[in-house]
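Chemist: Got coords.cif for you, mmCIF, C-alpha atoms:
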data_run
#
loop_
_atom_site.label_atom_id
_atom_site.label_comp_id
_atom_site.auth_asym_id
_atom_site.auth_seq_id
_atom_site.Cartn_x
_atom_site.Cartn_y
_atom_site.Cartn_z
CA MET W 1 -16.63 12.36 -21.55
CA PRO W 2 -13.08 13.47 -22.34
CA ALA W 3 -10.28 10.94 -22.20
CA PRO W 4 -8.05 11.06 -19.12
CA THR W 5 -5.05 13.32 -19.25
CA PRO W 6 -1.86 11.27 -19.55
CA PRO W 7 0.17 11.25 -16.32
CA ALA W 8 3.30 13.35 -16.08
CA LYS W 9 6.52 11.54 -16.90
CA ARG W 10 8.34 10.70 -13.68
CA ASN W 11 10.50 8.03 -12.17
CA ARG W 12 8.26 5.73 -10.23
CA PRO W 13 9.51 3.32 -7.58
CA GLU W 14 8.74 -0.37 -7.96
CA GLU W 15 5.81 -0.06 -5.55
CA PHE W 16 4.04 1.78 -8.39
CA GLY W 17 4.93 -0.95 -10.86
CA ALA W 18 1.34 -1.65 -11.89
CA PRO W 19 0.26 0.02 -15.10
CA ASP W 20 -1.76 3.19 -14.70
CA LEU W 21 -5.49 2.70 -14.64
CA VAL W 22 -8.37 5.05 -15.21
CA LEU W 23 -10.39 6.37 -12.28
CA ARG W 24 -13.61 7.81 -13.64
CA VAL W 25 -16.86 9.21 -12.26
CA SER W 26 -19.70 8.94 -14.72
CA ASN W 27 -23.48 8.47 -14.39
CA ARG W 28 -23.30 8.23 -10.56
CA LEU W 29 -20.70 5.43 -10.79
CA LEU W 30 -17.08 5.40 -9.68
CA TRP W 31 -14.94 3.30 -12.00
CA VAL W 32 -11.52 2.22 -10.72
CA GLY W 33 -10.05 0.32 -13.62
CA GLU W 34 -12.68 -2.35 -14.33
CA ALA W 35 -14.23 -2.23 -10.84
CA VAL W 36 -17.43 -0.21 -10.49
CA TYR W 37 -18.79 1.34 -7.29
CA PRO W 38 -22.15 3.15 -7.14
CA LEU W 39 -21.49 6.57 -5.62
CA HIS W 40 -24.47 6.20 -3.27
CA ASN W 41 -22.82 3.10 -1.70
CA ILE W 42 -19.57 4.90 -0.82
CA VAL W 43 -19.33 5.44 2.93
CA ARG W 44 -15.78 6.75 3.21
CA VAL W 45 -13.08 8.18 0.99
CA GLN W 46 -9.81 9.01 2.69
CA THR W 47 -6.10 9.39 2.14
CA PHE W 48 -3.61 7.74 4.42
CA VAL W 49 0.01 6.68 4.57
CA LEU W 50 1.08 3.07 4.35
CA ARG W 51 4.38 2.76 6.22
CA PRO W 52 6.65 -0.26 5.91
CA ASP W 53 6.50 -2.45 9.02
CA ARG W 54 10.22 -2.33 9.72
CA LYS W 55 9.92 -3.99 13.14
CA LYS W 56 8.18 -6.97 11.59
CA ALA W 57 10.86 -7.17 8.90
CA MET W 58 13.57 -7.33 11.57
CA ALA W 59 11.60 -9.90 13.57
CA ASP W 60 11.05 -12.04 10.45
CA PHE W 61 14.72 -12.06 9.49
CA ALA W 62 16.45 -12.27 12.88
CA PRO W 63 16.01 -16.07 13.31
CA TRP W 64 17.26 -16.77 9.78
CA ILE W 65 20.29 -14.54 10.13
CA ILE W 66 21.13 -16.12 13.50
CA LEU W 67 20.81 -19.60 11.99
CA VAL W 68 23.09 -18.77 9.06
CA LEU W 69 25.58 -17.12 11.45
CA VAL W 70 25.66 -20.30 13.57
CA PHE W 71 26.47 -22.37 10.46
CA PHE W 72 29.10 -19.83 9.42
CA VAL W 73 30.83 -19.86 12.82
CA THR W 74 30.68 -23.66 12.92
CA SER W 75 32.27 -23.87 9.47
CA LEU W 76 34.87 -21.29 10.46
CA VAL W 77 35.83 -23.24 13.61
CA ASP W 78 36.01 -26.50 11.65
CA GLY W 79 38.09 -24.81 8.94
CA ASN W 80 35.66 -26.01 6.26
CA PRO W 81 36.05 -23.62 3.29
CA VAL W 82 33.05 -25.12 1.45
CA GLY W 83 30.83 -24.51 4.50
CA ILE W 84 32.11 -20.95 4.82
CA VAL W 85 31.29 -20.15 1.18
CA ALA W 86 27.98 -22.01 1.45
CA THR W 87 26.91 -19.76 4.33
CA ILE W 88 28.20 -16.48 2.90
CA VAL W 89 25.87 -16.65 -0.11
CA PRO W 90 22.63 -17.14 1.90
CA MET W 91 23.79 -14.49 4.39
CA ALA W 92 24.32 -11.98 1.57
CA LEU W 93 20.91 -12.77 0.09
CA LEU W 94 19.19 -12.44 3.46
CA VAL W 95 20.88 -9.12 4.20
CA ALA W 96 20.05 -7.78 0.72
CA TYR W 97 16.38 -8.75 1.08
CA LEU W 98 16.25 -7.25 4.58
CA VAL W 99 17.77 -3.98 3.37
CA ARG W 100 15.20 -3.91 0.57
CA ARG W 101 12.33 -4.33 3.06
CA LEU W 102 13.78 -1.74 5.44
CA THR W 103 14.25 0.92 2.75
CA ARG W 104 10.79 0.73 1.20
CA PRO W 105 9.21 4.17 0.94
CA ASP W 106 6.02 5.31 2.63
CA LEU W 107 3.10 5.14 0.21
CA TYR W 108 0.39 7.79 0.06
CA VAL W 109 -2.84 6.06 -0.90
CA MET W 110 -6.53 6.81 -1.20
CA GLY W 111 -9.02 4.26 0.03
CA VAL W 112 -12.63 4.10 -1.09
CA GLU W 113 -14.88 2.05 1.18
CA THR W 114 -18.42 1.01 0.39
CA SER W 115 -21.30 0.00 2.62
CA GLY W 116 -20.36 -3.62 1.90
CA ALA W 117 -16.95 -5.29 1.98
CA PRO W 118 -15.35 -3.90 -1.22
CA VAL W 119 -12.50 -1.43 -0.89
CA ALA W 120 -10.54 0.26 -3.66
CA VAL W 121 -7.01 1.49 -2.98
CA VAL W 122 -5.21 3.72 -5.46
CA THR W 123 -2.14 5.89 -5.26
CA LEU W 124 -0.54 8.91 -6.83
CA ALA W 125 2.99 10.18 -6.37
CA ASP W 126 1.81 13.40 -4.71
CA ARG W 127 -0.24 13.40 -1.50
CA ALA W 128 -1.80 16.78 -2.36
CA GLU W 129 -3.09 15.30 -5.64
CA LEU W 130 -4.70 12.47 -3.67
CA ARG W 131 -6.40 14.95 -1.38
CA ARG W 132 -7.76 16.85 -4.40
CA LEU W 133 -9.02 13.54 -5.78
CA VAL W 134 -10.87 12.82 -2.52
CA ALA W 135 -12.50 16.26 -2.77
CA ARG W 136 -13.55 15.57 -6.37
CA ILE W 137 -15.14 12.24 -5.41
CA VAL W 138 -16.99 13.84 -2.48
CA ASP W 139 -18.17 16.58 -4.85
CA ALA W 140 -19.42 13.90 -7.25
CA ILE W 141 -21.34 12.23 -4.41
CA GLU W 142 -22.97 15.55 -3.52
CA HIS W 143 -23.56 16.67 -7.15
CA PRO W 144 -24.92 13.86 -9.37
CA GLU W 145 -24.10 15.69 -12.61
CA THR W 146 -20.33 15.71 -11.87
CA GLU W 147 -18.15 13.66 -14.20
CA PHE W 148 -14.37 13.38 -14.49
CA SER W 149 -11.66 10.98 -15.49
CA LEU W 150 -7.95 10.68 -14.70
CA TYR W 151 -5.11 8.21 -14.41
CA VAL W 152 -4.10 6.70 -11.06
CA ALA W 153 -1.98 3.72 -10.04
CA GLN W 154 -2.61 0.79 -7.78
CA PRO W 155 0.14 -0.11 -5.32
CA THR W 156 1.74 -3.45 -6.11
CA VAL W 157 3.08 -4.02 -2.63
CA ASN W 158 2.39 -6.77 -0.17
CA ILE W 159 0.12 -4.86 2.21
CA GLY W 160 1.31 -7.24 4.96
CA HIS W 161 4.70 -5.49 4.83
CA TYR W 162 3.07 -2.15 5.58
CA VAL W 163 1.32 -0.74 8.63
CA HIS W 164 -1.80 1.41 8.44
CA VAL W 165 -2.70 3.26 11.59
CA GLY W 166 -6.32 4.29 11.60
CA ASP W 167 -9.58 3.61 13.35
CA THR W 168 -9.74 0.31 15.18
CA ALA W 169 -13.15 -1.12 15.95
CA ASN W 170 -13.23 -2.43 19.51
CA ILE W 171 -16.29 -4.66 19.64
CA ASN W 172 -16.55 -7.06 22.56
CA GLY W 173 -19.37 -9.01 24.12
CA GLY W 174 -21.01 -7.72 27.26
CA SER W 175 -22.49 -4.40 28.16
CA GLY W 176 -20.76 -1.10 27.55
CA ASN W 177 -17.87 -2.57 25.54
CA ILE W 178 -18.70 -1.27 22.10
CA GLY W 179 -16.90 1.67 20.61
CA VAL W 180 -14.30 2.97 18.23
CA MET W 181 -10.81 3.52 19.56
CA LYS W 182 -8.85 6.27 17.80
CA LYS W 183 -5.11 5.67 17.45
#
Starting from the file, give its structure as structure tokens.

Modeler:
Amino acid sequence: MPAPTPPAKRNRPEEFGAPDLVLRVSNRLLWVGEAVYPLHNIVRVQTFVLRPDRKKAMADFAPWIILVLVFFVTSLVDGNPVGIVATIVPMALLVAYLVRRLTRPDLYVMGVETSGAPVAVVTLADRAELRRLVARIVDAIEHPETEFSLYVAQPTVNIGHYVHVGDTANINGGSGNIGVMKK
């Protein structure tokens, strides 16, 4: 099997900070770094967009900013210069962190789901490349002799800061309440 082609040189945002890893199909196995998935256990391969949850970021920071503002106004009314300076620094840090969360880019990722719980998530800078990768994995599932190898990256983001809109399983007790709701 040939070695993976080195990735093109490009500026990568911090969300792609993890070192590149090898995604390889060989002998009916999908290798993602050191994780191995039998191709016959793969039930879904898809690309999707992870979008930053900007509403949650605002909701998380609003109470803290209000609290620091209250201390700032109190110090301003009292004429306490130490209190004013002591509230400006946390306010600046909070605003900087909020701006950082609000300006995070959308991430194009590929998810590989198996018949069990394991899921692999990898990313490339170009969404079209991800779609071609999905097609190659599907081809490998359908044609056992297929083998390939390439470099991908794993996102190093806190997935809790992102929103994925996809299928939502709506499973409730009772009769007639089982289904998949598409959003």

Chemist: Run the PyMOL selection byres ((chain W and resi 47) around 8) on the file and write out the hits as a list in words.

Modeler: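 That selection, the PyMOL selection byres ((chain W and resi 47) around 8), comes back as Val45, Gln46, Phe48, Val49, Tyr108, Val109, Met110, Gly111, Arg127, Leu130, Arg131 and Val134 of chain W.
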
Chemist: Using only C-alpha atoms, find the one residue out of W:Asp78, W:Asp53, W:Asp20, W:Glu147 that sits nearest to W:Gly33.

Modeler: W:Asp20

Chemist: At a cut-off of 12 Å, using only C-alpha atoms, what residues contact W:Gly83? Leave out same-chain residues fewer than 3 positions from it and give the result as a PDB file with C-alpha atoms, in the frame of the given file.

Modeler:
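What landed in out_20.pdb:
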ATOM      1  CA  VAL W  68      23.090 -18.770   9.060  1.00  0.00           C
ATOM      2  CA  LEU W  69      25.580 -17.120  11.450  1.00  0.00           C
ATOM      3  CA  VAL W  70      25.660 -20.300  13.570  1.00  0.00           C
ATOM      4  CA  PHE W  71      26.470 -22.370  10.460  1.00  0.00           C
ATOM      5  CA  PHE W  72      29.100 -19.830   9.420  1.00  0.00           C
ATOM      6  CA  VAL W  73      30.830 -19.860  12.820  1.00  0.00           C
ATOM      7  CA  THR W  74      30.680 -23.660  12.920  1.00  0.00           C
ATOM      8  CA  SER W  75      32.270 -23.870   9.470  1.00  0.00           C
ATOM      9  CA  LEU W  76      34.870 -21.290  10.460  1.00  0.00           C
ATOM     10  CA  VAL W  77      35.830 -23.240  13.610  1.00  0.00           C
ATOM     11  CA  ASP W  78      36.010 -26.500  11.650  1.00  0.00           C
ATOM     12  CA  GLY W  79      38.090 -24.810   8.940  1.00  0.00           C
ATOM     13  CA  ASN W  80      35.660 -26.010   6.260  1.00  0.00           C
ATOM     14  CA  ALA W  86      27.980 -22.010   1.450  1.00  0.00           C
ATOM     15  CA  THR W  87      26.910 -19.760   4.330  1.00  0.00           C
ATOM     16  CA  ILE W  88      28.200 -16.480   2.900  1.00  0.00           C
ATOM     17  CA  VAL W  89      25.870 -16.650  -0.110  1.00  0.00           C
ATOM     18  CA  PRO W  90      22.630 -17.140   1.900  1.00  0.00           C
TER      19      PRO W  90
END

Chemist: Quick one: distance from atom CA of W:Val112 to atom CA of W:Pro52 in Å, one decimal?

Modeler: 21.0 Å

Chemist: Rank W:Met91, W:Ala57, W:Leu30, W:Leu21 by their smallest atom-to-atom distance to W:Arg136, using all atoms listed in the file, and report the top residue only.

Modeler: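 Among the listed residues, the smallest separation from W:Arg136 belongs to W:Leu30.
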
Chemist: Taking (-3.7, 1.2, -6.4) in the coordinates of the supplied file, I want to know which residues reach to within 7 Å of it, counting only C-alpha atoms; could you give the answer as an MDAnalysis selection string?

Modeler: chainID W and resid 121:123 153:155

Chemist: For the point (-13.7, 13.7, -12.8) in file coordinates, what residues are within 9 Å, counting all atoms listed in the file? Give the answer as a list in words?

Modeler: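 Checking each residue against the 9 Å limit leaves Pro4, Leu23, Arg24, Val25, Ser26, Leu133, Arg136, Ile137, Ala140, Thr146, Glu147, Phe148, Ser149 and Leu150 of chain W.
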
Chemist: Would you fill out stretch 87-102 of chain W with N, CA and C atoms and return it as a PDB file, keeping the file's coordinate frame?

Modeler:
ATOM      1  N   THR W  87      27.697 -20.604   3.428  1.00  0.00           N
ATOM      2  CA  THR W  87      26.910 -19.760   4.330  1.00  0.00           C
ATOM      3  C   THR W  87      26.998 -18.269   3.984  1.00  0.00           C
ATOM      4  N   ILE W  88      28.058 -17.886   3.287  1.00  0.00           N
ATOM      5  CA  ILE W  88      28.200 -16.480   2.900  1.00  0.00           C
ATOM      6  C   ILE W  88      27.124 -16.088   1.877  1.00  0.00           C
ATOM      7  N   VAL W  89      26.852 -16.956   0.937  1.00  0.00           N
ATOM      8  CA  VAL W  89      25.870 -16.650  -0.110  1.00  0.00           C
ATOM      9  C   VAL W  89      24.468 -16.449   0.491  1.00  0.00           C
ATOM     10  N   PRO W  90      23.961 -17.397   1.317  1.00  0.00           N
ATOM     11  CA  PRO W  90      22.630 -17.140   1.900  1.00  0.00           C
ATOM     12  C   PRO W  90      22.618 -15.905   2.805  1.00  0.00           C
ATOM     13  N   MET W  91      23.729 -15.666   3.518  1.00  0.00           N
ATOM     14  CA  MET W  91      23.790 -14.490   4.390  1.00  0.00           C
ATOM     15  C   MET W  91      23.675 -13.211   3.553  1.00  0.00           C
ATOM     16  N   ALA W  92      24.375 -13.160   2.439  1.00  0.00           N
ATOM     17  CA  ALA W  92      24.320 -11.980   1.570  1.00  0.00           C
ATOM     18  C   ALA W  92      22.911 -11.775   1.013  1.00  0.00           C
ATOM     19  N   LEU W  93      22.273 -12.867   0.610  1.00  0.00           N
ATOM     20  CA  LEU W  93      20.910 -12.770   0.090  1.00  0.00           C
ATOM     21  C   LEU W  93      19.932 -12.307   1.163  1.00  0.00           C
ATOM     22  N   LEU W  94      20.067 -12.850   2.359  1.00  0.00           N
ATOM     23  CA  LEU W  94      19.190 -12.440   3.460  1.00  0.00           C
ATOM     24  C   LEU W  94      19.367 -10.959   3.791  1.00  0.00           C
ATOM     25  N   VAL W  95      20.606 -10.528   3.871  1.00  0.00           N
ATOM     26  CA  VAL W  95      20.880  -9.120   4.200  1.00  0.00           C
ATOM     27  C   VAL W  95      20.344  -8.211   3.088  1.00  0.00           C
ATOM     28  N   ALA W  96      20.542  -8.603   1.836  1.00  0.00           N
ATOM     29  CA  ALA W  96      20.050  -7.780   0.720  1.00  0.00           C
ATOM     30  C   ALA W  96      18.524  -7.669   0.760  1.00  0.00           C
ATOM     31  N   TYR W  97      17.840  -8.775   1.024  1.00  0.00           N
ATOM     32  CA  TYR W  97      16.380  -8.750   1.080  1.00  0.00           C
ATOM     33  C   TYR W  97      15.899  -7.922   2.277  1.00  0.00           C
ATOM     34  N   LEU W  98      16.597  -8.038   3.398  1.00  0.00           N
ATOM     35  CA  LEU W  98      16.250  -7.250   4.580  1.00  0.00           C
ATOM     36  C   LEU W  98      16.420  -5.758   4.308  1.00  0.00           C
ATOM     37  N   VAL W  99      17.530  -5.394   3.701  1.00  0.00           N
ATOM     38  CA  VAL W  99      17.770  -3.980   3.370  1.00  0.00           C
ATOM     39  C   VAL W  99      16.674  -3.470   2.445  1.00  0.00           C
ATOM     40  N   ARG W 100      16.271  -4.292   1.499  1.00  0.00           N
ATOM     41  CA  ARG W 100      15.200  -3.910   0.570  1.00  0.00           C
ATOM     42  C   ARG W 100      13.902  -3.650   1.323  1.00  0.00           C
ATOM     43  N   ARG W 101      13.562  -4.519   2.274  1.00  0.00           N
ATOM     44  CA  ARG W 101      12.330  -4.330   3.060  1.00  0.00           C
ATOM     45  C   ARG W 101      12.431  -3.115   3.973  1.00  0.00           C
ATOM     46  N   LEU W 102      13.619  -2.853   4.503  1.00  0.00           N
ATOM     47  CA  LEU W 102      13.780  -1.740   5.440  1.00  0.00           C
ATOM     48  C   LEU W 102      13.783  -0.379   4.745  1.00  0.00           C
TER      49      LEU W 102
END
